[in-house]
$ cat work_10.txt   # compact mmCIF, C-alpha atoms
# COMPACT_ATOMS: atom_id res chain seq x y z
CA MET J 1 -2.41 -23.36 -20.34
CA ASN J 2 -4.08 -22.54 -23.62
CA ASN J 3 -5.66 -19.24 -24.58
CA ASP J 4 -9.22 -20.54 -24.18
CA ARG J 5 -8.62 -21.36 -20.51
CA LEU J 6 -6.92 -18.01 -19.99
CA TYR J 7 -9.90 -16.28 -21.55
CA GLU J 8 -12.29 -18.28 -19.37
CA ARG J 9 -10.43 -17.37 -16.18
CA TYR J 10 -10.40 -13.64 -16.87
CA GLN J 11 -13.58 -13.44 -18.97
CA ARG J 12 -15.57 -11.37 -16.45
CA GLN J 13 -13.02 -8.58 -16.46
CA ILE J 14 -12.06 -8.85 -20.13
CA ILE J 15 -15.67 -8.18 -21.19
CA LEU J 16 -15.71 -4.94 -19.16
CA GLN J 17 -16.00 -1.86 -21.29
CA GLY J 18 -12.76 0.07 -21.08
CA PHE J 19 -10.77 -3.03 -20.02
CA GLY J 20 -10.68 -5.78 -22.66
CA ALA J 21 -7.99 -8.24 -23.76
CA GLU J 22 -5.42 -5.46 -24.00
CA ALA J 23 -5.70 -4.55 -20.32
CA GLN J 24 -5.59 -8.25 -19.40
CA GLN J 25 -2.40 -8.66 -21.42
CA LYS J 26 -0.85 -5.74 -19.51
CA LEU J 27 -1.67 -7.46 -16.21
CA LEU J 28 -0.22 -10.77 -17.42
CA SER J 29 3.03 -9.00 -18.36
CA ALA J 30 3.28 -6.91 -15.18
CA SER J 31 5.45 -7.48 -12.13
CA VAL J 32 4.50 -6.20 -8.70
CA LEU J 33 6.32 -6.22 -5.37
CA VAL J 34 4.19 -6.43 -2.22
CA ILE J 35 5.99 -5.31 0.93
CA GLY J 36 4.36 -6.84 3.97
CA ALA J 37 2.06 -9.88 3.78
CA GLY J 38 -0.10 -8.74 6.69
CA GLY J 39 -3.50 -7.08 6.98
CA LEU J 40 -3.07 -4.97 3.84
CA GLY J 41 -0.82 -7.42 1.99
CA CYS J 42 -3.32 -10.32 2.19
CA PRO J 43 -6.18 -8.70 0.19
CA VAL J 44 -3.70 -7.01 -2.16
CA LEU J 45 -2.08 -10.38 -2.90
CA GLN J 46 -5.38 -12.21 -3.25
CA TYR J 47 -6.88 -9.76 -5.74
CA LEU J 48 -3.73 -9.24 -7.78
CA THR J 49 -3.16 -12.99 -8.02
CA ALA J 50 -6.79 -13.54 -9.01
CA ALA J 51 -6.63 -10.70 -11.57
CA GLY J 52 -3.68 -12.36 -13.30
CA VAL J 53 -0.67 -10.15 -12.53
CA GLY J 54 2.22 -12.04 -14.19
CA SER J 55 4.84 -11.88 -11.49
CA ILE J 56 4.46 -11.07 -7.79
CA GLY J 57 7.21 -10.64 -5.19
CA ILE J 58 6.41 -10.85 -1.48
CA VAL J 59 8.69 -9.38 1.21
CA ASP J 60 7.98 -10.32 4.83
CA ASP J 61 10.25 -11.65 7.56
CA ASP J 62 7.43 -12.37 10.00
CA VAL J 63 5.66 -15.59 10.97
CA VAL J 64 1.93 -16.18 11.32
CA ALA J 65 0.53 -15.55 14.83
CA LEU J 66 -2.93 -16.24 16.25
CA SER J 67 -3.53 -12.50 16.76
CA ASN J 68 -3.01 -11.98 12.99
CA LEU J 69 -5.91 -14.19 11.92
CA HIS J 70 -8.73 -11.70 12.56
CA ARG J 71 -7.45 -9.59 9.65
CA GLN J 72 -4.80 -11.52 7.70
CA VAL J 73 -7.24 -13.69 5.81
CA LEU J 74 -4.78 -15.78 3.78
CA TYR J 75 -3.68 -17.68 6.88
CA ASN J 76 -5.17 -20.35 9.16
CA VAL J 77 -4.37 -21.95 12.51
CA GLN J 78 -2.22 -24.66 10.89
CA MET J 79 0.16 -21.95 9.70
CA ILE J 80 0.88 -20.39 13.10
CA GLY J 81 4.64 -20.04 13.57
CA LYS J 82 5.37 -20.46 9.85
CA SER J 83 6.72 -17.86 7.41
CA LYS J 84 3.99 -15.52 6.19
CA ALA J 85 5.50 -15.03 2.74
CA SER J 86 5.84 -18.80 2.17
CA CYS J 87 2.36 -19.59 3.52
CA ALA J 88 0.89 -16.83 1.36
CA VAL J 89 2.48 -18.30 -1.78
CA ASP J 90 1.19 -21.80 -0.94
CA VAL J 91 -2.36 -20.44 -0.84
CA LEU J 92 -2.03 -18.04 -3.78
CA GLN J 93 -0.44 -20.62 -6.07
CA GLN J 94 -3.59 -22.74 -5.65
CA LEU J 95 -5.70 -19.76 -6.61
CA ASN J 96 -3.75 -19.04 -9.78
CA PRO J 97 -0.96 -21.43 -10.79
CA GLN J 98 0.15 -19.23 -13.71
CA VAL J 99 1.42 -16.42 -11.49
CA ARG J 100 5.19 -16.46 -10.84
CA PHE J 101 5.93 -15.79 -7.18
CA THR J 102 9.20 -14.70 -5.63
CA VAL J 103 9.48 -15.03 -1.85
CA TYR J 104 11.73 -12.74 0.18
CA ASN J 105 11.69 -14.18 3.70
CA GLU J 106 13.56 -11.18 5.00
CA ARG J 107 13.01 -7.70 6.31
CA LEU J 108 13.35 -4.91 3.76
CA THR J 109 16.41 -2.87 4.73
CA ASN J 110 18.48 -0.12 3.14
CA LYS J 111 20.95 -2.89 2.18
CA ASN J 112 18.58 -5.08 0.13
CA ALA J 113 15.94 -2.53 -0.96
CA ALA J 114 17.55 -1.39 -4.23
CA THR J 115 18.19 -4.96 -5.42
CA ILE J 116 14.73 -6.25 -4.53
CA LEU J 117 12.76 -3.24 -5.82
CA SER J 118 14.70 -3.09 -9.11
CA ALA J 119 13.24 -6.42 -10.21
CA PHE J 120 9.63 -5.13 -10.26
CA ASP J 121 7.55 -2.56 -12.17
CA VAL J 122 5.27 -1.45 -9.34
CA VAL J 123 5.79 -1.41 -5.57
CA ILE J 124 3.00 -1.79 -3.00
CA ASP J 125 3.57 -0.75 0.59
CA GLY J 126 1.56 -2.81 3.05
CA SER J 127 4.17 -2.60 5.81
CA ASP J 128 3.35 -1.93 9.46
CA ASN J 129 6.03 0.49 10.63
CA PHE J 130 7.41 3.91 9.75
CA ALA J 131 10.99 2.76 9.20
CA THR J 132 9.89 0.53 6.31
CA ARG J 133 7.41 3.10 4.98
CA TYR J 134 10.05 5.85 4.68
CA LEU J 135 12.59 3.39 3.26
CA VAL J 136 10.13 2.12 0.62
CA ASN J 137 9.13 5.67 -0.34
CA ASP J 138 12.72 6.89 -0.65
CA ALA J 139 13.82 3.79 -2.59
CA CYS J 140 10.88 4.22 -5.01
CA VAL J 141 11.82 7.86 -5.64
CA LEU J 142 15.46 6.88 -6.09
CA LEU J 143 14.68 4.00 -8.45
CA ASN J 144 11.86 5.74 -10.28
CA LYS J 145 9.10 3.28 -9.26
CA SER J 146 5.43 4.02 -8.77
CA LEU J 147 4.30 3.28 -5.22
CA ILE J 148 0.85 2.20 -4.10
CA TYR J 149 0.50 3.32 -0.50
CA GLY J 150 -1.98 2.23 2.13
CA ALA J 151 -2.02 2.47 5.93
CA VAL J 152 -4.54 1.82 8.68
CA SER J 153 -5.12 2.75 12.29
CA GLN J 154 -8.07 1.87 14.51
CA TYR J 155 -11.11 2.66 12.30
CA GLU J 156 -9.44 4.73 9.57
CA GLY J 157 -7.36 4.06 6.50
CA GLN J 158 -5.34 6.06 3.98
CA VAL J 159 -4.67 5.23 0.30
CA ALA J 160 -2.61 7.01 -2.36
CA VAL J 161 -0.48 6.45 -5.45
CA PHE J 162 2.95 8.04 -5.06
CA ASN J 163 5.77 8.97 -7.40
CA MET J 164 4.01 8.46 -10.73
CA GLN J 165 6.05 9.53 -13.73
CA GLN J 166 4.32 12.54 -15.31
CA LYS J 167 5.82 14.11 -18.42
CA ASN J 168 9.16 15.45 -17.09
CA ASP J 169 8.40 15.08 -13.45
CA HIS J 170 6.98 12.84 -10.73
CA SER J 171 3.79 13.15 -8.73
CA ALA J 172 3.84 13.74 -4.97
CA ASN J 173 5.37 11.09 -2.71
CA TYR J 174 4.95 10.17 0.96
CA ARG J 175 7.45 12.82 2.08
CA ASP J 176 5.43 15.56 0.38
CA LEU J 177 2.71 14.56 2.82
CA PHE J 178 4.71 13.68 5.94
CA PRO J 179 8.26 15.01 5.36
CA HIS J 180 9.90 13.60 8.50
CA PRO J 181 9.48 10.24 10.22
CA PRO J 182 7.90 10.38 13.66
CA LYS J 183 9.87 9.30 16.68
CA GLU J 184 8.97 6.24 18.65
CA GLY J 185 5.84 6.60 20.76
CA GLU J 186 4.57 9.64 18.86
CA VAL J 187 2.28 7.48 16.78
CA LEU J 188 0.64 4.25 17.85
CA ASN J 189 1.06 1.04 15.87
CA CYS J 190 -1.66 -1.58 15.33
CA ALA J 191 -0.56 -3.63 18.31
CA GLU J 192 -0.98 -0.61 20.60
CA ALA J 193 -3.92 1.14 18.93
CA GLY J 194 -5.88 -1.85 17.69
CA VAL J 195 -7.45 -2.32 14.28
CA LEU J 196 -10.80 -3.63 13.14
CA GLY J 197 -10.17 -6.71 10.97
CA VAL J 198 -12.23 -5.61 8.00
CA LEU J 199 -10.48 -2.22 7.70
CA PRO J 200 -7.24 -3.48 6.11
CA GLY J 201 -9.51 -5.66 3.94
CA ILE J 202 -11.19 -2.52 2.57
CA ILE J 203 -8.02 -0.43 2.28
CA GLY J 204 -6.02 -3.36 0.83
CA SER J 205 -8.75 -3.90 -1.78
CA MET J 206 -8.55 -0.21 -2.69
CA MET J 207 -4.78 -0.60 -3.07
CA ALA J 208 -5.27 -3.61 -5.37
CA ASN J 209 -7.76 -1.56 -7.38
CA GLU J 210 -5.30 1.34 -7.79
CA THR J 211 -2.60 -1.15 -8.82
CA ILE J 212 -4.80 -2.71 -11.50
CA LYS J 213 -5.77 0.74 -12.82
CA LEU J 214 -2.13 1.82 -12.86
CA ILE J 215 -0.93 -1.27 -14.73
CA THR J 216 -3.76 -1.26 -17.26
CA GLY J 217 -3.92 2.51 -17.72
CA THR J 218 -7.62 2.56 -16.92
CA GLY J 219 -9.57 4.89 -14.62
CA LYS J 220 -8.36 7.84 -12.59
CA LEU J 221 -5.64 7.18 -10.04
CA LEU J 222 -5.17 8.67 -6.56
CA VAL J 223 -2.22 10.67 -7.85
CA ASN J 224 -1.42 13.84 -5.90
CA ARG J 225 -4.34 12.88 -3.68
CA LEU J 226 -4.71 11.06 -0.40
CA LEU J 227 -7.97 9.27 0.28
CA THR J 228 -8.99 8.61 3.86
CA TYR J 229 -11.80 6.25 4.75
CA ASN J 230 -13.57 5.83 8.09
CA THR J 231 -15.32 2.51 8.78
CA GLN J 232 -17.41 3.96 11.62
CA ASN J 233 -19.36 6.46 9.52
CA ASN J 234 -18.38 5.40 5.96
CA GLN J 235 -17.04 8.89 5.33
CA THR J 236 -14.26 9.48 2.86
CA TYR J 237 -12.11 12.59 2.77
CA GLU J 238 -9.71 13.41 -0.04
CA LEU J 239 -6.75 15.71 0.36
CA GLU J 240 -4.78 17.31 -2.42
CA ILE J 241 -1.01 16.81 -2.10
CA THR J 242 1.55 18.83 -4.02
CA ALA J 243 5.00 17.60 -5.03
CA ARG J 244 7.45 20.05 -3.48
CA ALA J 245 11.01 20.77 -4.59
CA GLU J 246 12.33 20.77 -1.01
CA THR J 247 11.18 17.16 -0.51
CA ARG J 248 13.99 15.98 -2.80
CA SER J 249 16.58 17.14 -0.28
CA LEU J 250 15.13 14.73 2.33
CA ILE J 251 15.51 11.69 0.09
CA PRO J 252 18.84 9.92 -0.55
CA ALA J 253 19.90 10.93 -4.07
CA THR J 254 22.05 7.86 -4.79
CA GLU J 255 22.09 4.18 -3.84
CA ALA J 256 25.25 4.87 -1.82
CA ALA J 257 23.40 7.55 0.15
CA LEU J 258 20.51 5.13 0.73
CA LEU J 259 22.97 2.63 2.23
CA GLN J 260 24.16 5.36 4.61
CA THR J 261 20.65 6.21 5.82
CA ASP J 262 19.63 4.44 9.00
CA TYR J 263 15.83 4.23 8.78
CA GLU J 264 15.34 2.29 12.00
CA TRP J 265 17.10 5.08 13.85
CA LEU J 266 15.33 7.86 11.95
CA CYS J 267 12.02 6.41 13.05
CA SER J 268 13.27 5.06 16.38
CA SER J 269 11.41 1.84 15.64
CA ALA J 270 12.35 0.74 19.14
CA THR J 271 13.26 -2.90 19.63
CA VAL J 272 16.52 -2.35 17.75
CA VAL J 273 19.09 -3.72 20.15
CA ASN J 274 22.42 -1.92 20.22
CA GLU J 275 25.11 -4.53 20.72
CA ILE J 276 28.65 -3.64 21.70
CA ASP J 277 31.87 -5.65 21.51
CA ALA J 278 34.31 -6.38 24.34
CA ASN J 279 36.49 -3.34 23.55
CA THR J 280 33.61 -0.88 23.72
CA PHE J 281 32.39 -2.69 26.85
CA ASN J 282 35.78 -2.14 28.52
CA THR J 283 35.79 1.54 27.52
CA ILE J 284 32.35 2.05 29.07
CA ILE J 285 33.45 0.27 32.27
CA ALA J 286 36.56 2.49 32.43
CA GLU J 287 34.45 5.63 32.08
CA GLY J 288 32.57 4.52 35.19
CA THR J 289 29.32 6.40 34.57
CA ALA J 290 27.15 3.63 33.13
CA ALA J 291 25.05 1.06 34.96
CA ILE J 292 26.51 -2.36 34.15
CA VAL J 293 23.91 -5.06 34.78
CA ASP J 294 24.29 -8.84 34.93
CA VAL J 295 20.90 -10.19 33.82
CA ARG J 296 21.71 -13.83 34.55
CA GLU J 297 19.96 -15.54 37.46
CA LYS J 298 21.56 -15.11 40.87
CA ASP J 299 24.57 -17.40 41.51
CA GLU J 300 25.05 -18.32 37.89
CA LEU J 301 28.66 -19.04 36.97
CA PRO J 302 31.17 -17.72 36.16
CA GLU J 303 31.06 -15.15 38.94
CA ILE J 304 32.21 -11.74 37.77
CA THR J 305 34.63 -9.90 40.04
CA GLU J 306 36.62 -7.99 37.41
CA PHE J 307 34.33 -4.94 37.43
CA ASN J 308 31.54 -3.41 39.49
CA HIS J 309 28.06 -4.31 38.38
CA LEU J 310 24.47 -4.80 39.46
CA GLN J 311 22.72 -8.16 39.38
CA ILE J 312 19.10 -8.04 38.19
CA SER J 313 18.00 -11.21 36.42
CA LEU J 314 16.03 -10.89 33.17
CA SER J 315 12.94 -12.33 34.85
CA ARG J 316 12.95 -9.58 37.50
CA LEU J 317 14.17 -6.73 35.29
CA GLU J 318 10.83 -5.09 34.62
CA GLN J 319 10.04 -4.85 38.35
CA HIS J 320 13.33 -3.17 39.20
CA THR J 321 13.88 -0.58 36.48
CA GLU J 322 13.77 2.16 39.14
CA TRP J 323 17.25 0.97 40.16
CA LEU J 324 18.55 2.08 36.78
CA THR J 325 19.03 5.81 37.12
CA GLU J 326 22.14 6.13 34.95
CA GLU J 327 21.91 7.57 31.46
CA THR J 328 23.74 4.64 29.94
CA ILE J 329 22.87 1.03 30.75
CA VAL J 330 24.88 -1.96 29.61
CA VAL J 331 23.43 -5.42 30.12
CA PHE J 332 25.28 -8.70 29.85
CA CYS J 333 24.66 -12.42 30.33
CA LEU J 334 26.59 -15.59 29.48
CA SER J 335 26.14 -15.69 25.69
CA GLY J 336 24.51 -12.34 24.82
CA LYS J 337 21.06 -13.83 24.17
CA ARG J 338 19.25 -12.94 27.38
CA SER J 339 20.99 -9.57 27.51
CA ALA J 340 19.73 -8.77 24.00
CA GLN J 341 16.22 -9.51 25.27
CA ALA J 342 16.85 -7.35 28.32
CA ALA J 343 18.16 -4.50 26.15
CA LYS J 344 15.03 -4.77 24.03
CA GLN J 345 12.79 -4.55 27.11
CA LEU J 346 14.69 -1.56 28.42
CA THR J 347 14.76 0.21 25.04
CA GLU J 348 11.02 -0.21 24.76
CA LEU J 349 10.59 1.16 28.27
CA PHE J 350 13.03 4.08 28.22
CA GLY J 351 12.89 4.96 24.50
CA VAL J 352 15.47 7.55 23.54
CA SER J 353 15.85 8.89 27.10
CA LYS J 354 18.66 6.40 27.84
CA LYS J 355 21.41 4.70 25.89
CA ILE J 356 21.03 0.95 26.21
CA TYR J 357 23.60 -1.61 25.11
CA SER J 358 23.94 -5.37 25.21
CA LEU J 359 27.34 -7.09 25.34
CA LYS J 360 27.60 -9.12 22.15
CA GLY J 361 28.69 -12.72 22.68
CA GLY J 362 28.14 -12.31 26.42
CA ILE J 363 30.61 -12.61 29.25
CA GLN J 364 31.91 -15.85 27.68
CA GLN J 365 33.23 -14.00 24.65
CA TRP J 366 34.44 -11.11 26.80
CA MET J 367 36.52 -13.46 29.05
CA LEU J 368 37.98 -15.14 25.99
CA GLU J 369 39.11 -11.81 24.58
CA GLN J 370 40.60 -10.70 27.92
CA GLN J 371 42.75 -13.85 27.98
CA GLN J 372 43.91 -13.23 24.41
CA THR J 373 44.92 -9.64 25.06
CA VAL J 374 46.90 -10.44 28.22
CA MET Q 1 -17.40 36.77 12.84
CA MET Q 2 -15.65 34.18 10.69
CA ARG Q 3 -16.77 30.59 10.91
CA VAL Q 4 -14.18 27.83 10.43
CA GLU Q 5 -14.88 24.11 10.68
CA VAL Q 6 -12.08 21.89 12.01
CA LEU Q 7 -11.96 18.14 11.26
CA PHE Q 8 -9.83 15.68 13.19
CA PHE Q 9 -8.57 12.30 12.00
CA GLY Q 10 -7.05 9.17 13.53
CA LYS Q 11 -5.92 9.38 17.12
CA LEU Q 12 -6.67 13.14 17.20
CA VAL Q 13 -10.37 12.25 17.38
CA ASP Q 14 -9.72 10.77 20.84
CA ILE Q 15 -8.39 14.16 21.94
CA ALA Q 16 -10.66 16.71 20.27
CA GLY Q 17 -13.61 14.77 18.84
CA ALA Q 18 -14.37 14.35 15.14
CA SER Q 19 -15.05 18.03 14.40
CA LEU Q 20 -15.67 21.45 15.94
CA VAL Q 21 -16.36 25.00 14.85
CA LEU Q 22 -14.21 28.04 15.67
CA ASN Q 23 -15.49 31.58 15.16
CA ASN Q 24 -12.62 33.90 15.80
CA VAL Q 25 -9.53 32.73 13.93
CA THR Q 26 -8.10 34.28 10.77
CA SER Q 27 -5.03 32.11 10.12
CA THR Q 28 -3.91 28.51 10.61
CA ASP Q 29 -1.31 29.61 13.20
CA GLU Q 30 -4.04 31.28 15.28
CA LEU Q 31 -6.26 28.26 14.85
CA LEU Q 32 -3.57 25.81 15.98
CA GLU Q 33 -2.68 28.01 18.94
CA GLN Q 34 -6.29 28.09 20.06
CA LEU Q 35 -6.66 24.32 19.63
CA ARG Q 36 -3.53 23.70 21.70
CA LEU Q 37 -4.92 25.86 24.51
CA GLN Q 38 -8.23 24.06 24.36
CA TYR Q 39 -6.67 20.56 24.00
CA PRO Q 40 -3.17 20.53 25.56
CA ALA Q 41 -2.74 16.88 24.54
CA LEU Q 42 -2.54 18.00 20.89
CA ALA Q 43 0.91 19.47 21.57
CA ALA Q 44 2.40 15.97 21.79
CA GLU Q 45 0.83 14.80 18.52
CA ARG Q 46 2.14 14.90 14.96
CA TYR Q 47 -0.20 15.88 12.17
CA ILE Q 48 -0.39 17.74 8.91
CA VAL Q 49 -2.84 20.55 8.23
CA ALA Q 50 -5.05 20.96 5.17
CA VAL Q 51 -7.19 23.99 4.35
CA ASP Q 52 -10.16 23.23 2.11
CA LYS Q 53 -8.60 19.81 1.35
CA LYS Q 54 -5.22 21.22 0.28
CA THR Q 55 -2.22 20.36 2.45
CA ILE Q 56 -0.32 23.43 3.64
CA THR Q 57 3.22 23.86 4.97
CA GLY Q 58 3.24 27.35 6.46
CA ASN Q 59 0.86 29.79 8.08
CA THR Q 60 -2.18 30.22 5.83
CA ALA Q 61 -4.95 32.80 5.90
CA LEU Q 62 -8.43 31.38 6.50
CA SER Q 63 -11.61 32.47 4.78
CA GLU Q 64 -15.24 32.41 5.81
CA ASN Q 65 -16.71 28.88 6.00
CA CYS Q 66 -13.45 27.15 5.18
CA THR Q 67 -12.64 23.70 6.52
CA VAL Q 68 -9.36 22.85 8.22
CA ALA Q 69 -8.34 19.20 8.60
CA LEU Q 70 -5.72 17.82 11.01
CA LEU Q 71 -4.41 14.47 9.86
CA PRO Q 72 -1.85 12.28 11.69
CA PRO Q 73 0.35 9.71 9.92
CA PHE Q 74 -0.71 6.04 10.18
CA SER Q 75 1.77 3.19 10.12
CA GLY Q 76 -0.48 0.14 10.53
CA GLY Q 77 -0.71 -2.54 7.90
$ encode --input "work_10.txt" --output "structure tokens"
Amino acid sequence: MNNDRLYERYQRQIILQGFGAEAQQKLLSASVLVIGAGGLGCPVLQYLTAAGVGSIGIVDDDVVALSNLHRQVLYNVQMIGKSKASCAVDVLQQLNPQVRFTVYNERLTNKNAATILSAFDVVIDGSDNFATRYLVNDACVLLNKSLIYGAVSQYEGQVAVFNMQQKNDHSANYRDLFPHPPKEGEVLNCAEAGVLGVLPGIIGSMMANETIKLITGTGKLLVNRLLTYNTQNNQTYELEITARAETRSLIPATEAALLQTDYEWLCSSATVVNEIDANTFNTIIAEGTAAIVDVREKDELPEITEFNHLQISLSRLEQHTEWLTEETIVVFCLSGKRSAQAAKQLTELFGVSKKIYSLKGGIQQWMLEQQQTV
Amino acid sequence: MMRVEVLFFGKLVDIAGASLVLNNVTSTDELLEQLRLQYPALAAERYIVAVDKKTITGNTALSENCTVALLPPFSGG
């Protein structure tokens, strides 16, 4: 690609007063990590790819679903069931073949966050849950990365630029705004609350705009400010946020401390299935206070006579949860697959009011280990 | 009598409407107490409070014609 073609591609922004070839060069040399290739991630990725950001990483472990298409405009019906991050790159590479893409087909966790984030200059949070949002914020503070934040709910969106290096200090971050993660059920997610398709389009475009301004050093950023936008009445409202000393104590101070922080638990992002091994299973049975439930279909083999248990098959579980009055519930099946699903259903239903476990490896594995220990 | 405008965001709008005016509160603690009496469902919600567009962390005195905003966190993306 020669310089003439490069100039032609970016000509409309290069000729802007206050932008020019210098700003374009900064974009071409920049690297950006986009977390979440969903409603916010799609417009962010489209505009940053089009604008000529040199290197873009995409983190998303999800696949395209039909219910995504009303807002996640990079995808089409042919892509349903396929990896979002990979599909996004296929489309974006056509838009701008010069951009280097790195695909992370995985969920961002406290284990991989430091490694993935370290490889990029700027981080953009387009995730859809609090566990990831707090993890991304804390990792950015820890690793000294600027964070472009955006979030949506129903008809409203929020945008801000967090943790910008300023002289000897950093600007406000997400925890200066919302210090502690909410617990499950306290705040609705998109699936529960709904979202108008164009809203993440608007908020994601604002995030792309802040990113371009940050990289090129142009304009005034939403630093120490949170912008809210309402699609119903087109009203914006800007709040001033102050970086507070006490926020630092909420954020892991080292990478080792980050590894020790369980974000899924902090935010009770539900749907995390607690699996236990045969030993723990035996201990719980011995204690005798938990409900032990076989979620296989009736008369499935092998028949279990070694311990007392209920039989409620996975397909009937939701209709019979009133039978489960115990504080601790342990579900099992043959291999551990159906019981994991059952544990997920029950965790979603009971939240933190009950302890719910699934026997890992199922009764198969359990029987094997009993034989070995005899 | 002191006039204070209260703005609600996100899901809080479903509970209390987009905005209302209170006439007899002098601090944010008093204001929140009165709102919780008027809208018991607010007690179960999480939000931050801003007075005249500045986020606050503790009880804050209110002045004539000030605006108080209640803003919940959003997670959607």
$ atom_distance --input "work_10.txt" --atom1 "CA of Phe74 in chain Q" --atom2 "CA of Ile35 in chain J"
16.1 Å
$ interface_residues --input "work_10.txt" --of "chain J" --to "chain Q" --cutoff "9 Å" --atoms "only C-alpha atoms" --output "number ranges by chain"
J: 36-41, 125-130, 133, 150-158, 177-178, 182, 186-191, 193, 195, 200, 204, 228, 237-242
$ residues_around --input "work_10.txt" --residues "Leu324 in chain J" --least-positions-apart "5" --cutoff "10 Å" --atoms "only C-alpha atoms" --output "list in words"
Ala290, Ala291, Ile292, Val293, Leu310, Leu317, Ile329, Leu346 and Lys354 of chain J
$ atom_distance --input "work_10.txt" --atom1 "CA of Val99 in chain J" --atom2 "CA of Gly54 in chain J"
5.2 Å
$ residues_around --input "work_10.txt" --residues "range 170-176 of chain J" --least-positions-apart "3" --cutoff "7 Å" --atoms "only C-alpha atoms" --output "PyMOL selection string"
chain J and resi 137+162-166+179-180+223-224+241-244+247
$ write_last_selection --input "work_10.txt" --atoms "C-alpha atoms" --output "PDB file, in the frame of the given file"
ATOM      1  CA  ASN J 137       9.130   5.670  -0.340  1.00  0.00           C
ATOM      2  CA  PHE J 162       2.950   8.040  -5.060  1.00  0.00           C
ATOM      3  CA  ASN J 163       5.770   8.970  -7.400  1.00  0.00           C
ATOM      4  CA  MET J 164       4.010   8.460 -10.730  1.00  0.00           C
ATOM      5  CA  GLN J 165       6.050   9.530 -13.730  1.00  0.00           C
ATOM      6  CA  GLN J 166       4.320  12.540 -15.310  1.00  0.00           C
ATOM      7  CA  PRO J 179       8.260  15.010   5.360  1.00  0.00           C
ATOM      8  CA  HIS J 180       9.900  13.600   8.500  1.00  0.00           C
ATOM      9  CA  VAL J 223      -2.220  10.670  -7.850  1.00  0.00           C
ATOM     10  CA  ASN J 224      -1.420  13.840  -5.900  1.00  0.00           C
ATOM     11  CA  ILE J 241      -1.010  16.810  -2.100  1.00  0.00           C
ATOM     12  CA  THR J 242       1.550  18.830  -4.020  1.00  0.00           C
ATOM     13  CA  ALA J 243       5.000  17.600  -5.030  1.00  0.00           C
ATOM     14  CA  ARG J 244       7.450  20.050  -3.480  1.00  0.00           C
ATOM     15  CA  THR J 247      11.180  17.160  -0.510  1.00  0.00           C
TER      16      THR J 247
END
$ atom_distance --input "work_10.txt" --atom1 "CA of Lys111 in chain J" --atom2 "CA of Thr261 in chain J"
9.8 Å
$ closest_residue --input "work_10.txt" --among "Q:Val6, Q:Leu42, Q:Ala61, Q:Leu31" --to "Ser19 in chain Q" --atoms "all atoms listed in the file"
Q:Val6
$ residues_around --input "work_10.txt" --residues "range 28-30 of chain Q" --least-positions-apart "2" --cutoff "8 Å" --atoms "only C-alpha atoms" --output "list in words"
Val25, Thr26, Leu32, Glu33, Gln34, Asn59, Thr60, Ala61 and Leu62 of chain Q
$ write_last_selection --input "work_10.txt" --atoms "C-alpha atoms" --output "mmCIF file, keeping the file's coordinate frame"
data_model
loop_
_atom_site.group_PDB
_atom_site.id
_atom_site.type_symbol
_atom_site.label_atom_id
_atom_site.label_comp_id
_atom_site.auth_asym_id
_atom_site.auth_seq_id
_atom_site.Cartn_x
_atom_site.Cartn_y
_atom_site.Cartn_z
ATOM 1 C CA VAL Q 25 -9.530 32.730 13.930
ATOM 2 C CA THR Q 26 -8.100 34.280 10.770
ATOM 3 C CA LEU Q 32 -3.570 25.810 15.980
ATOM 4 C CA GLU Q 33 -2.680 28.010 18.940
ATOM 5 C CA GLN Q 34 -6.290 28.090 20.060
ATOM 6 C CA ASN Q 59 0.860 29.790 8.080
ATOM 7 C CA THR Q 60 -2.180 30.220 5.830
ATOM 8 C CA ALA Q 61 -4.950 32.800 5.900
ATOM 9 C CA LEU Q 62 -8.430 31.380 6.500
#
$ residues_around --input "work_10.txt" --residues "Met79 in chain J" --least-positions-apart "2" --cutoff "10 Å" --atoms "all atoms listed in the file" --output "JSON, numbers by chain"
{"J": [63, 64, 65, 66, 74, 75, 76, 77, 81, 82, 83, 84, 86, 87, 88]}
$ residues_around --input "work_10.txt" --residues "Ala208 in chain J" --least-positions-apart "2" --cutoff "12 Å" --atoms "all atoms listed in the file" --output "PyMOL selection string"
chain J and resi 32-34+40-53+122-126+147-150+159-161+200-206+210-215+221
$ decode --input "work_10.txt" --residues "range 51-56 of chain Q" --atoms "N, CA and C atoms" --output "tab-separated table (two decimals), in the first residue's frame"
chain	number	residue	atom	x	y	z
Q	51	VAL	N	-25.12	16.42	43.27
Q	51	VAL	CA	-25.76	17.71	43.56
Q	51	VAL	C	-25.16	18.73	42.61
Q	52	ASP	N	-26.03	19.39	41.85
Q	52	ASP	CA	-25.59	20.33	40.82
Q	52	ASP	C	-24.48	19.72	39.95
Q	53	LYS	N	-24.72	18.48	39.51
Q	53	LYS	CA	-23.86	17.75	38.57
Q	53	LYS	C	-22.52	17.31	39.16
Q	54	LYS	N	-22.36	17.40	40.48
Q	54	LYS	CA	-21.13	16.89	41.09
Q	54	LYS	C	-21.49	15.69	41.94
Q	55	THR	N	-20.82	14.55	41.70
Q	55	THR	CA	-21.12	13.36	42.50
Q	55	THR	C	-20.69	13.59	43.95
Q	56	ILE	N	-21.50	13.10	44.87
Q	56	ILE	CA	-21.18	13.27	46.30
Q	56	ILE	C	-21.06	11.90	46.95
